[in-house]
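These notes concern the structure reproduced below.
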Amino acid sequence: LRTVEAAAQAFAAYLREKELDLEEACLLLERVSRPSLPPRAYAAELDRMAVRTGELIAEPLDVRAKCRLLCRVIFGEEGYRGAQESFSAPASSLLSKVMSTRRGIPISLCLVFLLVGRRLGLPLQPVGLPGRFMVGIFRGREPLYIDCYEGGAFRTRADVQLMLLDNHLPADEAFLGPVSVAQTLARCCRNLVSQYEAQGDDRSSRLYLGFVRTLEQLDERA
C-alpha cells in the first residue's frame, strides 16, 4: 500500500466484501490519501478515550448519561471542535488528522464519537442529516441526536427538524433515521470530492467520485 493506486485498489476490493466494518473502512479510505498510514492507526487513541470515559462511568447509568460523559471527554477534556476555518480542507475529513489536530467537519467528529462509543457498548448510530451529520440513539419512545459539530449538544427530533427548516433544508422523516456504513462512507467520499475540487486536485476528486458510485451501488443492492 505504498502508492495511491495500490491503496485505492485495496479500498475498492474491501467494498466488495459482504460486511463493512466502519473503523477498518475509514482506515482504508484514508490510506487512499495517505498510503503509508499504519494498520490500526486510530486504535490506540480511540482506546485511550474509551478507557478514560469508562473511568467516569459509575453504574447504573442510562445511555444518555453515559453519552454526556463521553461528550465531556471528547469535547471537554480532549478539546475536539468544528474545523470552521478549514472546512474545505481534506485534512478535516481524514480521521488521523482530525485526531491529531482535534478539528474536523461534522461527519469526521461523529466518526470519532461513534468509534469511541462503540468501544463502550453504547447503541449509537450514524445519522446522515442534510447539511449536518449527527449521531443518534434510537432506543426509547423518542430518538436523541448528538450534534458533534456543536460540542456534543443533545437535540430532540423537533430540534433537528427546526434546525433543518431554518436552514432551508428538507426535514422529512426519511432523513431522521440511521444510515448504513456504506451510506456513511459515501458521505465521506462526497465531502472529499468537494474538498479536492476546491484545491484544484481534479485527479483525486475523480478518484473519490468513483468510490461514491461504487458505494451507491452497494447500498442499492442491500
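Chains: A, B, ... in order of the C-alpha cells. Residues: from 1 per chain. Ligands: from 1, in order shown.
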
Worksheet entry | Residue neighbourhood region 124-138 of chain A, 7 Å, only C-alpha atoms, exclusion window fewer than 5 positions, as a PyMOL selection string | chain A and resi 106-107+110+114+117+143-148+169+175-179

Please provide as a PDB file with all heavy atoms, in the first residue's frame all residues within 12 Å of Arg102 (chain A), with the sequence filter that same-chain residues fewer than 2 positions apart are discarded (counting only C-alpha atoms).
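Here's the written file out_37.pdb:
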ATOM      1  N   GLU A  45      -5.550   5.696  20.142  1.00  0.00           N
ATOM      2  CA  GLU A  45      -6.183   6.938  20.594  1.00  0.00           C
ATOM      3  C   GLU A  45      -7.647   6.708  20.945  1.00  0.00           C
ATOM      4  O   GLU A  45      -8.147   7.215  21.955  1.00  0.00           O
ATOM      5  CB  GLU A  45      -6.045   8.007  19.509  1.00  0.00           C
ATOM      6  CG  GLU A  45      -6.649   9.351  19.862  1.00  0.00           C
ATOM      7  CD  GLU A  45      -5.908  10.063  20.986  1.00  0.00           C
ATOM      8  OE1 GLU A  45      -4.864   9.571  21.453  1.00  0.00           O
ATOM      9  OE2 GLU A  45      -6.397  11.132  21.410  1.00  0.00           O
ATOM     10  N   ILE A  74     -14.556  13.848  25.067  1.00  0.00           N
ATOM     11  CA  ILE A  74     -14.147  14.199  23.696  1.00  0.00           C
ATOM     12  C   ILE A  74     -14.131  15.706  23.476  1.00  0.00           C
ATOM     13  O   ILE A  74     -13.156  16.264  22.954  1.00  0.00           O
ATOM     14  CB  ILE A  74     -15.056  13.492  22.677  1.00  0.00           C
ATOM     15  CG1 ILE A  74     -14.814  11.974  22.725  1.00  0.00           C
ATOM     16  CG2 ILE A  74     -14.810  14.035  21.262  1.00  0.00           C
ATOM     17  CD1 ILE A  74     -15.681  11.169  21.773  1.00  0.00           C
ATOM     18  N   PHE A  75     -15.200  16.390  23.878  1.00  0.00           N
ATOM     19  CA  PHE A  75     -15.314  17.818  23.570  1.00  0.00           C
ATOM     20  C   PHE A  75     -14.833  18.715  24.704  1.00  0.00           C
ATOM     21  O   PHE A  75     -14.525  19.885  24.469  1.00  0.00           O
ATOM     22  CB  PHE A  75     -16.768  18.150  23.207  1.00  0.00           C
ATOM     23  CG  PHE A  75     -17.299  17.287  22.096  1.00  0.00           C
ATOM     24  CD1 PHE A  75     -18.284  16.348  22.338  1.00  0.00           C
ATOM     25  CD2 PHE A  75     -16.791  17.387  20.815  1.00  0.00           C
ATOM     26  CE1 PHE A  75     -18.765  15.531  21.325  1.00  0.00           C
ATOM     27  CE2 PHE A  75     -17.248  16.568  19.792  1.00  0.00           C
ATOM     28  CZ  PHE A  75     -18.243  15.636  20.046  1.00  0.00           C
ATOM     29  N   GLY A  76     -14.768  18.166  25.911  1.00  0.00           N
ATOM     30  CA  GLY A  76     -14.267  18.936  27.032  1.00  0.00           C
ATOM     31  C   GLY A  76     -12.792  18.690  27.272  1.00  0.00           C
ATOM     32  O   GLY A  76     -11.951  19.535  26.970  1.00  0.00           O
ATOM     33  N   GLU A  77     -12.466  17.506  27.779  1.00  0.00           N
ATOM     34  CA  GLU A  77     -11.075  17.207  28.120  1.00  0.00           C
ATOM     35  C   GLU A  77     -10.160  17.180  26.906  1.00  0.00           C
ATOM     36  O   GLU A  77      -9.034  17.677  26.955  1.00  0.00           O
ATOM     37  CB  GLU A  77     -11.015  15.868  28.860  1.00  0.00           C
ATOM     38  CG  GLU A  77     -11.718  15.869  30.205  1.00  0.00           C
ATOM     39  CD  GLU A  77     -11.622  14.529  30.910  1.00  0.00           C
ATOM     40  OE1 GLU A  77     -10.910  13.625  30.405  1.00  0.00           O
ATOM     41  OE2 GLU A  77     -12.252  14.372  31.970  1.00  0.00           O
ATOM     42  N   GLU A  78     -10.628  16.575  25.820  1.00  0.00           N
ATOM     43  CA  GLU A  78      -9.771  16.428  24.631  1.00  0.00           C
ATOM     44  C   GLU A  78      -9.826  17.629  23.689  1.00  0.00           C
ATOM     45  O   GLU A  78      -8.947  17.803  22.849  1.00  0.00           O
ATOM     46  CB  GLU A  78     -10.148  15.153  23.873  1.00  0.00           C
ATOM     47  CG  GLU A  78      -9.949  13.869  24.662  1.00  0.00           C
ATOM     48  CD  GLU A  78      -8.493  13.601  24.981  1.00  0.00           C
ATOM     49  OE1 GLU A  78      -7.633  13.995  24.185  1.00  0.00           O
ATOM     50  OE2 GLU A  78      -8.221  13.006  26.052  1.00  0.00           O
ATOM     51  N   GLY A  79     -10.866  18.436  23.806  1.00  0.00           N
ATOM     52  CA  GLY A  79     -10.929  19.681  23.040  1.00  0.00           C
ATOM     53  C   GLY A  79     -11.266  19.551  21.571  1.00  0.00           C
ATOM     54  O   GLY A  79     -10.877  20.405  20.761  1.00  0.00           O
ATOM     55  N   TYR A  80     -11.998  18.506  21.179  1.00  0.00           N
ATOM     56  CA  TYR A  80     -12.419  18.389  19.778  1.00  0.00           C
ATOM     57  C   TYR A  80     -13.402  19.508  19.444  1.00  0.00           C
ATOM     58  O   TYR A  80     -14.295  19.828  20.230  1.00  0.00           O
ATOM     59  CB  TYR A  80     -13.067  17.028  19.522  1.00  0.00           C
ATOM     60  CG  TYR A  80     -12.083  15.909  19.316  1.00  0.00           C
ATOM     61  CD1 TYR A  80     -11.438  15.306  20.394  1.00  0.00           C
ATOM     62  CD2 TYR A  80     -11.772  15.448  18.030  1.00  0.00           C
ATOM     63  CE1 TYR A  80     -10.523  14.276  20.214  1.00  0.00           C
ATOM     64  CE2 TYR A  80     -10.864  14.420  17.839  1.00  0.00           C
ATOM     65  CZ  TYR A  80     -10.240  13.841  18.934  1.00  0.00           C
ATOM     66  OH  TYR A  80      -9.330  12.824  18.746  1.00  0.00           O
ATOM     67  N   ARG A  81     -13.248  20.088  18.249  1.00  0.00           N
ATOM     68  CA  ARG A  81     -14.079  21.205  17.809  1.00  0.00           C
ATOM     69  C   ARG A  81     -14.336  21.118  16.306  1.00  0.00           C
ATOM     70  O   ARG A  81     -13.623  20.427  15.581  1.00  0.00           O
ATOM     71  CB  ARG A  81     -13.373  22.544  18.081  1.00  0.00           C
ATOM     72  CG  ARG A  81     -13.171  22.898  19.539  1.00  0.00           C
ATOM     73  CD  ARG A  81     -14.478  23.286  20.218  1.00  0.00           C
ATOM     74  NE  ARG A  81     -14.239  23.706  21.596  1.00  0.00           N
ATOM     75  CZ  ARG A  81     -14.153  22.889  22.627  1.00  0.00           C
ATOM     76  NH1 ARG A  81     -14.270  21.571  22.443  1.00  0.00           N
ATOM     77  NH2 ARG A  81     -13.938  23.367  23.843  1.00  0.00           N
ATOM     78  N   GLY A  82     -15.310  21.886  15.857  1.00  0.00           N
ATOM     79  CA  GLY A  82     -15.566  22.006  14.435  1.00  0.00           C
ATOM     80  C   GLY A  82     -14.472  22.791  13.747  1.00  0.00           C
ATOM     81  O   GLY A  82     -13.987  23.796  14.284  1.00  0.00           O
ATOM     82  N   ALA A  83     -14.081  22.334  12.552  1.00  0.00           N
ATOM     83  CA  ALA A  83     -12.989  22.977  11.807  1.00  0.00           C
ATOM     84  C   ALA A  83     -13.553  24.068  10.908  1.00  0.00           C
ATOM     85  O   ALA A  83     -13.550  23.960   9.685  1.00  0.00           O
ATOM     86  CB  ALA A  83     -12.232  21.943  10.987  1.00  0.00           C
ATOM     87  N   ALA A  91      -7.873  17.450   5.046  1.00  0.00           N
ATOM     88  CA  ALA A  91      -7.420  17.000   6.365  1.00  0.00           C
ATOM     89  C   ALA A  91      -8.547  16.975   7.380  1.00  0.00           C
ATOM     90  O   ALA A  91      -8.524  16.175   8.329  1.00  0.00           O
ATOM     91  CB  ALA A  91      -6.292  17.900   6.869  1.00  0.00           C
ATOM     92  N   SER A  92      -9.579  17.817   7.206  1.00  0.00           N
ATOM     93  CA  SER A  92     -10.686  17.841   8.160  1.00  0.00           C
ATOM     94  C   SER A  92     -11.620  16.655   7.985  1.00  0.00           C
ATOM     95  O   SER A  92     -12.539  16.455   8.778  1.00  0.00           O
ATOM     96  CB  SER A  92     -11.479  19.148   8.030  1.00  0.00           C
ATOM     97  OG  SER A  92     -12.088  19.248   6.754  1.00  0.00           O
ATOM     98  N   SER A  93     -11.380  15.831   6.941  1.00  0.00           N
ATOM     99  CA  SER A  93     -12.158  14.614   6.703  1.00  0.00           C
ATOM    100  C   SER A  93     -11.393  13.348   7.066  1.00  0.00           C
ATOM    101  O   SER A  93     -11.991  12.268   7.108  1.00  0.00           O
ATOM    102  CB  SER A  93     -12.570  14.526   5.223  1.00  0.00           C
ATOM    103  OG  SER A  93     -13.546  15.483   4.908  1.00  0.00           O
ATOM    104  N   LEU A  94     -10.086  13.439   7.276  1.00  0.00           N
ATOM    105  CA  LEU A  94      -9.245  12.266   7.499  1.00  0.00           C
ATOM    106  C   LEU A  94      -9.036  12.061   8.997  1.00  0.00           C
ATOM    107  O   LEU A  94      -8.517  12.932   9.693  1.00  0.00           O
ATOM    108  CB  LEU A  94      -7.904  12.453   6.785  1.00  0.00           C
ATOM    109  CG  LEU A  94      -8.002  12.749   5.286  1.00  0.00           C
ATOM    110  CD1 LEU A  94      -6.621  13.012   4.696  1.00  0.00           C
ATOM    111  CD2 LEU A  94      -8.691  11.612   4.549  1.00  0.00           C
ATOM    112  N   LEU A  95      -9.427  10.897   9.505  1.00  0.00           N
ATOM    113  CA  LEU A  95      -9.504  10.703  10.952  1.00  0.00           C
ATOM    114  C   LEU A  95      -8.164  10.852  11.655  1.00  0.00           C
ATOM    115  O   LEU A  95      -8.105  11.379  12.769  1.00  0.00           O
ATOM    116  CB  LEU A  95     -10.110   9.340  11.269  1.00  0.00           C
ATOM    117  CG  LEU A  95     -11.614   9.196  11.045  1.00  0.00           C
ATOM    118  CD1 LEU A  95     -12.123   7.937  11.721  1.00  0.00           C
ATOM    119  CD2 LEU A  95     -12.386  10.410  11.538  1.00  0.00           C
ATOM    120  N   SER A  96      -7.080  10.389  11.057  1.00  0.00           N
ATOM    121  CA  SER A  96      -5.791  10.532  11.740  1.00  0.00           C
ATOM    122  C   SER A  96      -5.432  12.008  11.915  1.00  0.00           C
ATOM    123  O   SER A  96      -4.880  12.408  12.946  1.00  0.00           O
ATOM    124  CB  SER A  96      -4.689   9.801  10.972  1.00  0.00           C
ATOM    125  OG  SER A  96      -4.406  10.445   9.749  1.00  0.00           O
ATOM    126  N   LYS A  97      -5.754  12.831  10.923  1.00  0.00           N
ATOM    127  CA  LYS A  97      -5.511  14.270  11.014  1.00  0.00           C
ATOM    128  C   LYS A  97      -6.445  14.915  12.029  1.00  0.00           C
ATOM    129  O   LYS A  97      -6.038  15.790  12.803  1.00  0.00           O
ATOM    130  CB  LYS A  97      -5.691  14.918   9.640  1.00  0.00           C
ATOM    131  CG  LYS A  97      -4.691  14.486   8.593  1.00  0.00           C
ATOM    132  CD  LYS A  97      -3.301  15.023   8.914  1.00  0.00           C
ATOM    133  CE  LYS A  97      -2.329  14.768   7.772  1.00  0.00           C
ATOM    134  NZ  LYS A  97      -0.974  15.272   8.078  1.00  0.00           N
ATOM    135  N   VAL A  98      -7.707  14.484  12.007  1.00  0.00           N
ATOM    136  CA  VAL A  98      -8.681  15.036  12.946  1.00  0.00           C
ATOM    137  C   VAL A  98      -8.280  14.721  14.385  1.00  0.00           C
ATOM    138  O   VAL A  98      -8.347  15.578  15.268  1.00  0.00           O
ATOM    139  CB  VAL A  98     -10.084  14.474  12.637  1.00  0.00           C
ATOM    140  CG1 VAL A  98     -11.093  14.865  13.718  1.00  0.00           C
ATOM    141  CG2 VAL A  98     -10.571  14.975  11.270  1.00  0.00           C
ATOM    142  N   MET A  99      -7.800  13.492  14.615  1.00  0.00           N
ATOM    143  CA  MET A  99      -7.396  13.129  15.969  1.00  0.00           C
ATOM    144  C   MET A  99      -6.095  13.826  16.380  1.00  0.00           C
ATOM    145  O   MET A  99      -5.843  14.015  17.568  1.00  0.00           O
ATOM    146  CB  MET A  99      -7.265  11.611  16.087  1.00  0.00           C
ATOM    147  CG  MET A  99      -8.622  10.921  16.112  1.00  0.00           C
ATOM    148  SD  MET A  99      -8.551   9.153  16.543  1.00  0.00           S
ATOM    149  CE  MET A  99      -8.031   8.480  14.975  1.00  0.00           C
ATOM    150  N   SER A 100      -5.297  14.217  15.413  1.00  0.00           N
ATOM    151  CA  SER A 100      -4.066  14.951  15.718  1.00  0.00           C
ATOM    152  C   SER A 100      -4.340  16.417  16.031  1.00  0.00           C
ATOM    153  O   SER A 100      -3.780  16.984  16.982  1.00  0.00           O
ATOM    154  CB  SER A 100      -3.102  14.848  14.535  1.00  0.00           C
ATOM    155  OG  SER A 100      -1.982  15.668  14.723  1.00  0.00           O
ATOM    156  N   GLY A 104     -12.397  18.982  13.064  1.00  0.00           N
ATOM    157  CA  GLY A 104     -12.975  18.205  11.979  1.00  0.00           C
ATOM    158  C   GLY A 104     -14.303  18.780  11.538  1.00  0.00           C
ATOM    159  O   GLY A 104     -14.853  19.699  12.151  1.00  0.00           O
ATOM    160  N   ILE A 105     -14.826  18.244  10.460  1.00  0.00           N
ATOM    161  CA  ILE A 105     -16.157  18.605   9.987  1.00  0.00           C
ATOM    162  C   ILE A 105     -17.170  17.707  10.704  1.00  0.00           C
ATOM    163  O   ILE A 105     -16.788  16.777  11.420  1.00  0.00           O
ATOM    164  CB  ILE A 105     -16.251  18.488   8.452  1.00  0.00           C
ATOM    165  CG1 ILE A 105     -15.946  17.062   7.992  1.00  0.00           C
ATOM    166  CG2 ILE A 105     -15.306  19.488   7.780  1.00  0.00           C
ATOM    167  CD1 ILE A 105     -16.116  16.868   6.482  1.00  0.00           C
ATOM    168  N   SER A 108     -16.667  13.751  10.413  1.00  0.00           N
ATOM    169  CA  SER A 108     -15.438  13.191  10.989  1.00  0.00           C
ATOM    170  C   SER A 108     -15.472  13.242  12.513  1.00  0.00           C
ATOM    171  O   SER A 108     -15.007  12.315  13.188  1.00  0.00           O
ATOM    172  CB  SER A 108     -14.195  13.899  10.432  1.00  0.00           C
ATOM    173  OG  SER A 108     -14.237  15.291  10.658  1.00  0.00           O
ATOM    174  N   LEU A 109     -16.054  14.294  13.090  1.00  0.00           N
ATOM    175  CA  LEU A 109     -16.228  14.347  14.537  1.00  0.00           C
ATOM    176  C   LEU A 109     -17.195  13.259  15.003  1.00  0.00           C
ATOM    177  O   LEU A 109     -16.984  12.629  16.045  1.00  0.00           O
ATOM    178  CB  LEU A 109     -16.731  15.730  14.958  1.00  0.00           C
ATOM    179  CG  LEU A 109     -15.766  16.901  14.727  1.00  0.00           C
ATOM    180  CD1 LEU A 109     -16.455  18.220  15.033  1.00  0.00           C
ATOM    181  CD2 LEU A 109     -14.507  16.750  15.576  1.00  0.00           C
ATOM    182  N   VAL A 112     -15.419   9.849  15.142  1.00  0.00           N
ATOM    183  CA  VAL A 112     -14.635   9.685  16.371  1.00  0.00           C
ATOM    184  C   VAL A 112     -15.563   9.315  17.523  1.00  0.00           C
ATOM    185  O   VAL A 112     -15.301   8.374  18.289  1.00  0.00           O
ATOM    186  CB  VAL A 112     -13.843  10.970  16.696  1.00  0.00           C
ATOM    187  CG1 VAL A 112     -13.190  10.877  18.071  1.00  0.00           C
ATOM    188  CG2 VAL A 112     -12.786  11.233  15.626  1.00  0.00           C
ATOM    189  N   TYR A 149     -20.682  18.574  15.935  1.00  0.00           N
ATOM    190  CA  TYR A 149     -20.091  19.809  15.435  1.00  0.00           C
ATOM    191  C   TYR A 149     -20.346  20.968  16.398  1.00  0.00           C
ATOM    192  O   TYR A 149     -19.642  21.977  16.369  1.00  0.00           O
ATOM    193  CB  TYR A 149     -20.647  20.140  14.057  1.00  0.00           C
ATOM    194  CG  TYR A 149     -19.840  21.167  13.304  1.00  0.00           C
ATOM    195  CD1 TYR A 149     -18.556  20.868  12.851  1.00  0.00           C
ATOM    196  CD2 TYR A 149     -20.347  22.438  13.052  1.00  0.00           C
ATOM    197  CE1 TYR A 149     -17.809  21.814  12.165  1.00  0.00           C
ATOM    198  CE2 TYR A 149     -19.614  23.382  12.363  1.00  0.00           C
ATOM    199  CZ  TYR A 149     -18.344  23.066  11.924  1.00  0.00           C
ATOM    200  OH  TYR A 149     -17.601  24.001  11.247  1.00  0.00           O
ATOM    201  N   GLY A 151     -20.162  20.640  19.733  1.00  0.00           N
ATOM    202  CA  GLY A 151     -19.626  20.250  21.024  1.00  0.00           C
ATOM    203  C   GLY A 151     -20.408  19.175  21.743  1.00  0.00           C
ATOM    204  O   GLY A 151     -20.366  19.087  22.972  1.00  0.00           O
TER     205      GLY A 151
END

Item to complete: Can you pull out every residue within 10 Å of region 55-67 of chain A, counting only C-alpha atoms, but drop anything in the same chain fewer than 4 positions away, and send it as a list in words?
Response: Met49, Ala50, Val51, Cys71, Arg72, Val73, Phe113, Gly117, Leu120, Gly121, Leu122, Pro123, Leu124, Ile137, Arg139, Leu144, Ile146, Gly152 and Phe154 of chain A

Item to complete: Would you please extract all strand (DSSP E) residues from region 81-118 of chain A, as assigned by DSSP on the backbone, and give them as a list in words?
Response: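 Reading the DSSP output for region 81-118 of chain A, strand (DSSP E) covers Arg81, Gly82, Arg103 and Gly104 of chain A.
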
I need the chosen residues saved as a JSON list (two decimals), in the first residue's frame, with N, CA, C and O atoms.
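Output saved as result.json:
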[["chain", "number", "residue", "atom", "x", "y", "z"],
["A", 81, "ARG", "N", -13.25, 20.09, 18.25],
["A", 81, "ARG", "CA", -14.08, 21.20, 17.81],
["A", 81, "ARG", "C", -14.34, 21.12, 16.31],
["A", 81, "ARG", "O", -13.62, 20.43, 15.58],
["A", 82, "GLY", "N", -15.31, 21.89, 15.86],
["A", 82, "GLY", "CA", -15.57, 22.01, 14.43],
["A", 82, "GLY", "C", -14.47, 22.79, 13.75],
["A", 82, "GLY", "O", -13.99, 23.80, 14.28],
["A", 103, "ARG", "N", -9.66, 18.87, 15.30],
["A", 103, "ARG", "CA", -10.56, 19.68, 14.49],
["A", 103, "ARG", "C", -11.10, 18.85, 13.34],
["A", 103, "ARG", "O", -10.35, 18.11, 12.70],
["A", 104, "GLY", "N", -12.40, 18.98, 13.06],
["A", 104, "GLY", "CA", -12.97, 18.21, 11.98],
["A", 104, "GLY", "C", -14.30, 18.78, 11.54],
["A", 104, "GLY", "O", -14.85, 19.70, 12.15]]

Fill in: From A:Pro39, A:Arg52, A:Ala7, A:Leu15, residue lying nearest Arg213 (chain A) [only C-alpha atoms]
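Looking only at the distances to Arg213 (chain A), the closest residue turns out to be A:Leu15.
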
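With CA of Glu142 (chain A) on one side and CA of Leu22 (chain A) on the other, the separation reads 25.4 Å.
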
Worksheet item: Of the candidates A:Arg48, A:Tyr196, A:Pro35, A:Arg16, which one gets nearest to Gln217 (chain A) if we count only C-alpha atoms?
Response: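 Closest to Gln217 (chain A) of all the choices is A:Arg16.
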
Practice prompt. Using backbone DSSP assignments, extract all alpha helix (DSSP H) residues from region 55-215 of chain A; output them as a PyMOL selection string.
Written response: chain A and resi 55-56+63-71+95-101+106-119+157-166+181-198+202-215

Residue subset to file, keeping C-alpha atoms, as a CSV table (one decimal), in the first residue's frame:
chain,number,residue,atom,x,y,z
A,55,GLU,CA,-13.3,5.6,34.4
A,56,LEU,CA,-16.1,8.2,34.8
A,63,VAL,CA,-27.4,5.6,27.8
A,64,ARG,CA,-27.9,9.4,27.8
A,65,ALA,CA,-25.9,9.9,31.0
A,66,LYS,CA,-23.1,7.8,29.5
A,67,CYS,CA,-23.2,9.8,26.3
A,68,ARG,CA,-22.9,13.0,28.4
A,69,LEU,CA,-19.7,11.6,29.9
A,70,LEU,CA,-18.4,10.7,26.5
A,71,CYS,CA,-19.1,14.3,25.4
A,95,LEU,CA,-9.5,10.7,11.0
A,96,SER,CA,-5.8,10.5,11.7
A,97,LYS,CA,-5.5,14.3,11.0
A,98,VAL,CA,-8.7,15.0,12.9
A,99,MET,CA,-7.4,13.1,16.0
A,100,SER,CA,-4.1,15.0,15.7
A,101,THR,CA,-5.5,18.5,15.4
A,106,PRO,CA,-19.4,17.2,11.3
A,107,ILE,CA,-19.1,13.7,9.9
A,108,SER,CA,-15.4,13.2,11.0
A,109,LEU,CA,-16.2,14.3,14.5
A,110,CYS,CA,-19.2,12.0,14.5
A,111,LEU,CA,-17.0,9.1,13.4
A,112,VAL,CA,-14.6,9.7,16.4
A,113,PHE,CA,-17.6,9.8,18.7
A,114,LEU,CA,-19.1,6.6,17.2
A,115,LEU,CA,-15.9,4.6,17.3
A,116,VAL,CA,-15.2,5.5,20.9
A,117,GLY,CA,-18.8,5.0,21.9
A,118,ARG,CA,-18.9,1.5,20.4
A,119,ARG,CA,-15.9,0.5,22.5
A,157,ARG,CA,-36.4,15.2,16.9
A,158,ALA,CA,-38.2,18.6,17.0
A,159,ASP,CA,-34.9,20.4,17.5
A,160,VAL,CA,-33.4,18.7,14.4
A,161,GLN,CA,-36.4,19.4,12.2
A,162,LEU,CA,-36.5,23.0,13.2
A,163,MET,CA,-32.8,23.4,12.5
A,164,LEU,CA,-33.2,21.9,9.0
A,165,LEU,CA,-36.2,24.1,8.2
A,166,ASP,CA,-34.3,27.2,9.5
A,181,VAL,CA,-21.9,2.0,6.8
A,182,ALA,CA,-22.0,2.3,3.0
A,183,GLN,CA,-24.0,5.5,3.2
A,184,THR,CA,-21.7,6.9,5.8
A,185,LEU,CA,-18.6,6.2,3.6
A,186,ALA,CA,-20.3,7.6,0.6
A,187,ARG,CA,-20.9,10.9,2.5
A,188,CYS,CA,-17.2,10.9,3.5
A,189,CYS,CA,-16.2,10.4,-0.1
A,190,ARG,CA,-18.6,13.2,-1.4
A,191,ASN,CA,-17.0,15.6,1.1
A,192,LEU,CA,-13.6,14.6,-0.2
A,193,VAL,CA,-14.7,15.1,-3.8
A,194,SER,CA,-15.7,18.7,-3.0
A,195,GLN,CA,-12.6,19.4,-0.9
A,196,TYR,CA,-10.2,18.2,-3.5
A,197,GLU,CA,-12.1,20.1,-6.2
A,198,ALA,CA,-11.7,23.2,-4.0
A,202,ASP,CA,-9.2,17.0,-10.2
A,203,ARG,CA,-7.4,13.6,-10.2
A,204,SER,CA,-8.2,13.0,-6.5
A,205,SER,CA,-11.7,14.4,-6.9
A,206,ARG,CA,-12.4,11.9,-9.7
A,207,LEU,CA,-11.0,9.1,-7.7
A,208,TYR,CA,-13.3,9.7,-4.7
A,209,LEU,CA,-16.2,10.2,-7.1
A,210,GLY,CA,-15.6,6.7,-8.3
A,211,PHE,CA,-15.9,5.4,-4.7
A,212,VAL,CA,-19.2,7.3,-4.3
A,213,ARG,CA,-20.6,5.5,-7.3
A,214,THR,CA,-19.4,2.1,-6.0
A,215,LEU,CA,-20.9,2.7,-2.6

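For the atom pair formed by CA of Pro170 (chain A) and CA of Gln84 (chain A), the distance is 23.2 Å, given to one decimal.
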
Practice prompt. Skip Lys18 (chain A) itself and residues of its chain fewer than 3 positions away, then list as a list in words all residues within 10 Å of it, counting only C-alpha atoms.
Written response: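 The residues that qualify are Tyr14, Leu15, Asp21, Leu218 and Ala222 of chain A.
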